[in-house]
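First up is the structure itself, then whatever we jot down about it.
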Amino acid sequence: MIASYDLEPQTGAAFTLGGGQLLKIIDPLGEQVSDLTAFAREDTREWLSSGRTIDYANTIYLTAGHLLYSNRSRPMFTIVEDTVGRHDFLLTPCSPDTFRLLYDLDAYHPSCFENLSKHLAEFGITPDMIPTTFNAFMNVVVLPTGELRIDPPPSRPGDYILLRAEMDLVVGVTACSAEKSNNYSFKPIRVEVY
């Protein structure tokens with residue numbers, strides 16, 4: 001192991017990842033989402049793209065064997081192993097606006113967007129550059145009407161997703177702060193780099 005990060009509930013981290021290195025996101029206690037985003041280290045105007053990835057995979061249910069692409073259609077990650085098999089790449093990281101518009105909450109609330117913004121700033125990445133995140137373990141169900149329903153994460157203690165970096169990256173990751181996404185209980189996330 002090269003590095004590890006133990007993210008307390010409702011926190012985040014950012015770090016660099018070399019091409020070929022492995023990123024393991026672990027849910028130690030179960031039912032906890034982790035938002036993941038990435039940028040090309042050589043040019044941070046290239047970022048992880050939900051639209052390109054879903055388009056090329058022809059599925060919203062990404063799992064082992066799938067590639068996650070950049071906005072320039074270059075592979076950023078390969079999903080190597082996945083013990084859960086359900087993740088979301090449709091919804092943006094929770095933000096102050098999420099809690100104001102969807103939770104009717106005007107008071108301060110920690111958010112993934114804030115955590116990503118704070119930690120990615122040291123790499124010159126501004127808030128407006130943060131795209132839709134790959135939400136590991138998040139269980140978004142698409143109803144026949146097209147409406148989205150957020151169910152509890154299916155991850156159990158020790159479940160993980162293992163990704164291989166396909167280029168040199170700047171990575172941001174969180175222990176998600178949105179109540180509905182985490183079955184109304186906030187827990188830690190562990191991140192390991194190999």
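Starting from 1 in every chain, residues are counted up; chains themselves are A, B, ... following the order of the structure tokens, and ligands are numbered from 1 as listed.
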
Using only C-alpha atoms, which residues sit within 12 Å of Trp47 (chain A) once same-chain residues fewer than 6 positions away are excluded, as a VMD selection string? chain A and resid 36 to 41 53 68 to 77 125 128 to 134 167 to 172

List the spatial neighbours of Pro152 (chain A) as a ChimeraX atom specification - criterion: any atom at most 9 Å away, only C-alpha atoms, same-chain residues fewer than 3 positions off excluded. /A:31-32,138-140,155,180-184

Go ahead and save the residues from that selection, with N, CA and C atoms, as a compact mmCIF listing (two decimals), in the first residue's frame.
# COMPACT_ATOMS: atom_id res chain seq x y z
N GLU A 31 -23.61 0.81 4.08
CA GLU A 31 -24.63 1.83 3.78
C GLU A 31 -24.08 3.25 3.80
N GLN A 32 -22.86 3.44 3.28
CA GLN A 32 -22.27 4.78 3.20
C GLN A 32 -21.78 5.05 1.78
N MET A 138 -23.94 4.27 -4.05
CA MET A 138 -25.24 4.96 -4.02
C MET A 138 -26.26 4.19 -4.85
N ASN A 139 -27.45 4.05 -4.31
CA ASN A 139 -28.49 3.20 -4.89
C ASN A 139 -29.62 4.07 -5.45
N VAL A 140 -29.47 4.47 -6.71
CA VAL A 140 -30.49 5.29 -7.37
C VAL A 140 -31.30 4.37 -8.29
N SER A 155 -24.34 -1.54 0.07
CA SER A 155 -23.03 -1.96 0.59
C SER A 155 -23.13 -2.41 2.03
N LYS A 180 -30.45 11.25 2.76
CA LYS A 180 -31.19 10.26 1.97
C LYS A 180 -30.27 9.25 1.30
N SER A 181 -29.10 9.71 0.87
CA SER A 181 -28.16 8.83 0.16
C SER A 181 -27.58 7.75 1.05
N ASN A 182 -27.53 8.01 2.37
CA ASN A 182 -26.83 7.14 3.31
C ASN A 182 -27.75 6.49 4.34
N ASN A 183 -29.04 6.35 3.99
CA ASN A 183 -30.02 5.75 4.90
C ASN A 183 -30.05 6.48 6.24
N TYR A 184 -29.85 7.82 6.17
CA TYR A 184 -30.02 8.73 7.31
C TYR A 184 -29.04 8.46 8.45

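Using only C-alpha atoms, the shortest contact distance between Tyr5 (chain A) and any of A:Gly20, A:Ile26, A:Asp35, A:Gly146 is found at A:Ile26.
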
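Atom pair CA of Ser95 (chain A) / CA of Gly18 (chain A) has a distance of 28.7 Å (rounded to one decimal).
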
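Across region 110-158 of chain A, DSSP run on the backbone finds strand (DSSP E) at Phe134, Asn135, Ala136, Asn139, Val140, Val141, Val142, Leu148, Arg149, Ile150 and Asp151 of chain A.
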
Can you list, as a ChimeraX atom specification, every residue of region 15-62 of chain A that DSSP puts in helix (DSSP H, G or I)? /A:50-57

Would you kindly return, as a ChimeraX atom specification, each protein, DNA or RNA residue with an atom no farther than 7 Å from any atom of Gln21 (chain A), considering only C-alpha atoms and excluding same-chain residues fewer than 4 positions away? /A:17,164-165,193-194

Those same residues - N, CA and C atoms - I'd like them written as an mmCIF file, in the first residue's frame.
data_model
loop_
_atom_site.group_PDB
_atom_site.id
_atom_site.type_symbol
_atom_site.label_atom_id
_atom_site.label_comp_id
_atom_site.auth_asym_id
_atom_site.auth_seq_id
_atom_site.Cartn_x
_atom_site.Cartn_y
_atom_site.Cartn_z
ATOM 1 N N LEU A 17 -2.783 10.492 -8.081
ATOM 2 C CA LEU A 17 -2.766 9.057 -8.343
ATOM 3 C C LEU A 17 -2.037 8.861 -9.665
ATOM 4 N N ARG A 164 -8.468 1.073 -11.339
ATOM 5 C CA ARG A 164 -7.097 1.298 -11.817
ATOM 6 C C ARG A 164 -7.056 2.619 -12.576
ATOM 7 N N ALA A 165 -6.141 3.493 -12.196
ATOM 8 C CA ALA A 165 -5.962 4.759 -12.909
ATOM 9 C C ALA A 165 -5.352 4.493 -14.270
ATOM 10 N N VAL A 193 -4.515 3.356 -1.596
ATOM 11 C CA VAL A 193 -3.836 3.468 -2.893
ATOM 12 C C VAL A 193 -2.739 2.423 -2.946
ATOM 13 N N TYR A 194 -2.707 1.658 -4.042
ATOM 14 C CA TYR A 194 -1.712 0.601 -4.260
ATOM 15 C C TYR A 194 -0.950 0.855 -5.552
#

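The residue that comes closest to Thr126 (chain A), out of A:Asp159, A:Asp55, A:Glu147, A:Glu114 and on the basis of only C-alpha atoms, is A:Glu114.
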
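For the atom pair formed by CA of Ser49 (chain A) and CA of Leu116 (chain A), the distance is 16.0 Å, given to one decimal.
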
From the options A:Glu8, A:Glu46, A:Asp27, A:Glu179, which residue's atoms come nearest to His109 (chain A), counting only C-alpha atoms? A:Glu179

Near-Val80 (chain A) list (6 Å; only C-alpha atoms; drop same-chain fewer than 2 positions) as a PDB file with all heavy atoms, in the first residue's frame:
ATOM      1  N   ALA A  64     -17.511  -3.922 -12.451  1.00  0.00           N
ATOM      2  CA  ALA A  64     -16.226  -4.487 -12.872  1.00  0.00           C
ATOM      3  C   ALA A  64     -16.182  -4.695 -14.385  1.00  0.00           C
ATOM      4  O   ALA A  64     -17.115  -5.221 -14.982  1.00  0.00           O
ATOM      5  CB  ALA A  64     -15.969  -5.809 -12.149  1.00  0.00           C
ATOM      6  N   THR A  78     -10.366   2.136 -14.887  1.00  0.00           N
ATOM      7  CA  THR A  78     -11.015   0.860 -15.154  1.00  0.00           C
ATOM      8  C   THR A  78     -11.495   0.315 -13.818  1.00  0.00           C
ATOM      9  O   THR A  78     -10.733   0.321 -12.847  1.00  0.00           O
ATOM     10  CB  THR A  78     -10.047  -0.153 -15.788  1.00  0.00           C
ATOM     11  OG1 THR A  78      -9.604   0.362 -17.050  1.00  0.00           O
ATOM     12  CG2 THR A  78     -10.724  -1.499 -16.002  1.00  0.00           C
ATOM     13  N   LEU A 162     -12.650  -1.345  -6.538  1.00  0.00           N
ATOM     14  CA  LEU A 162     -11.234  -1.177  -6.848  1.00  0.00           C
ATOM     15  C   LEU A 162     -11.112  -0.663  -8.279  1.00  0.00           C
ATOM     16  O   LEU A 162     -11.624  -1.290  -9.209  1.00  0.00           O
ATOM     17  CB  LEU A 162     -10.504  -2.515  -6.695  1.00  0.00           C
ATOM     18  CG  LEU A 162      -9.001  -2.513  -6.943  1.00  0.00           C
ATOM     19  CD1 LEU A 162      -8.274  -1.749  -5.849  1.00  0.00           C
ATOM     20  CD2 LEU A 162      -8.470  -3.945  -7.036  1.00  0.00           C
ATOM     21  N   LEU A 163     -10.443   0.474  -8.426  1.00  0.00           N
ATOM     22  CA  LEU A 163     -10.282   1.106  -9.731  1.00  0.00           C
ATOM     23  C   LEU A 163      -8.806   1.259 -10.060  1.00  0.00           C
ATOM     24  O   LEU A 163      -7.990   1.548  -9.179  1.00  0.00           O
ATOM     25  CB  LEU A 163     -10.938   2.489  -9.747  1.00  0.00           C
ATOM     26  CG  LEU A 163     -12.408   2.532  -9.337  1.00  0.00           C
ATOM     27  CD1 LEU A 163     -12.544   3.170  -7.962  1.00  0.00           C
ATOM     28  CD2 LEU A 163     -13.228   3.300 -10.353  1.00  0.00           C
TER      29      LEU A 163
END

Might you pull out every residue within 10 Å of region 187-190 of chain A, with only C-alpha atoms counted and same-chain residues fewer than 3 positions away left off, and present them as a ChimeraX atom specification? /A:4-12,24-34,158,160,173-177,182,184

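For the residues A:Ser117, A:Thr98, A:Leu90, A:Ala14, ranking by smallest atom-to-atom distance to Leu148 (chain A) using only C-alpha atoms places A:Leu90 first.
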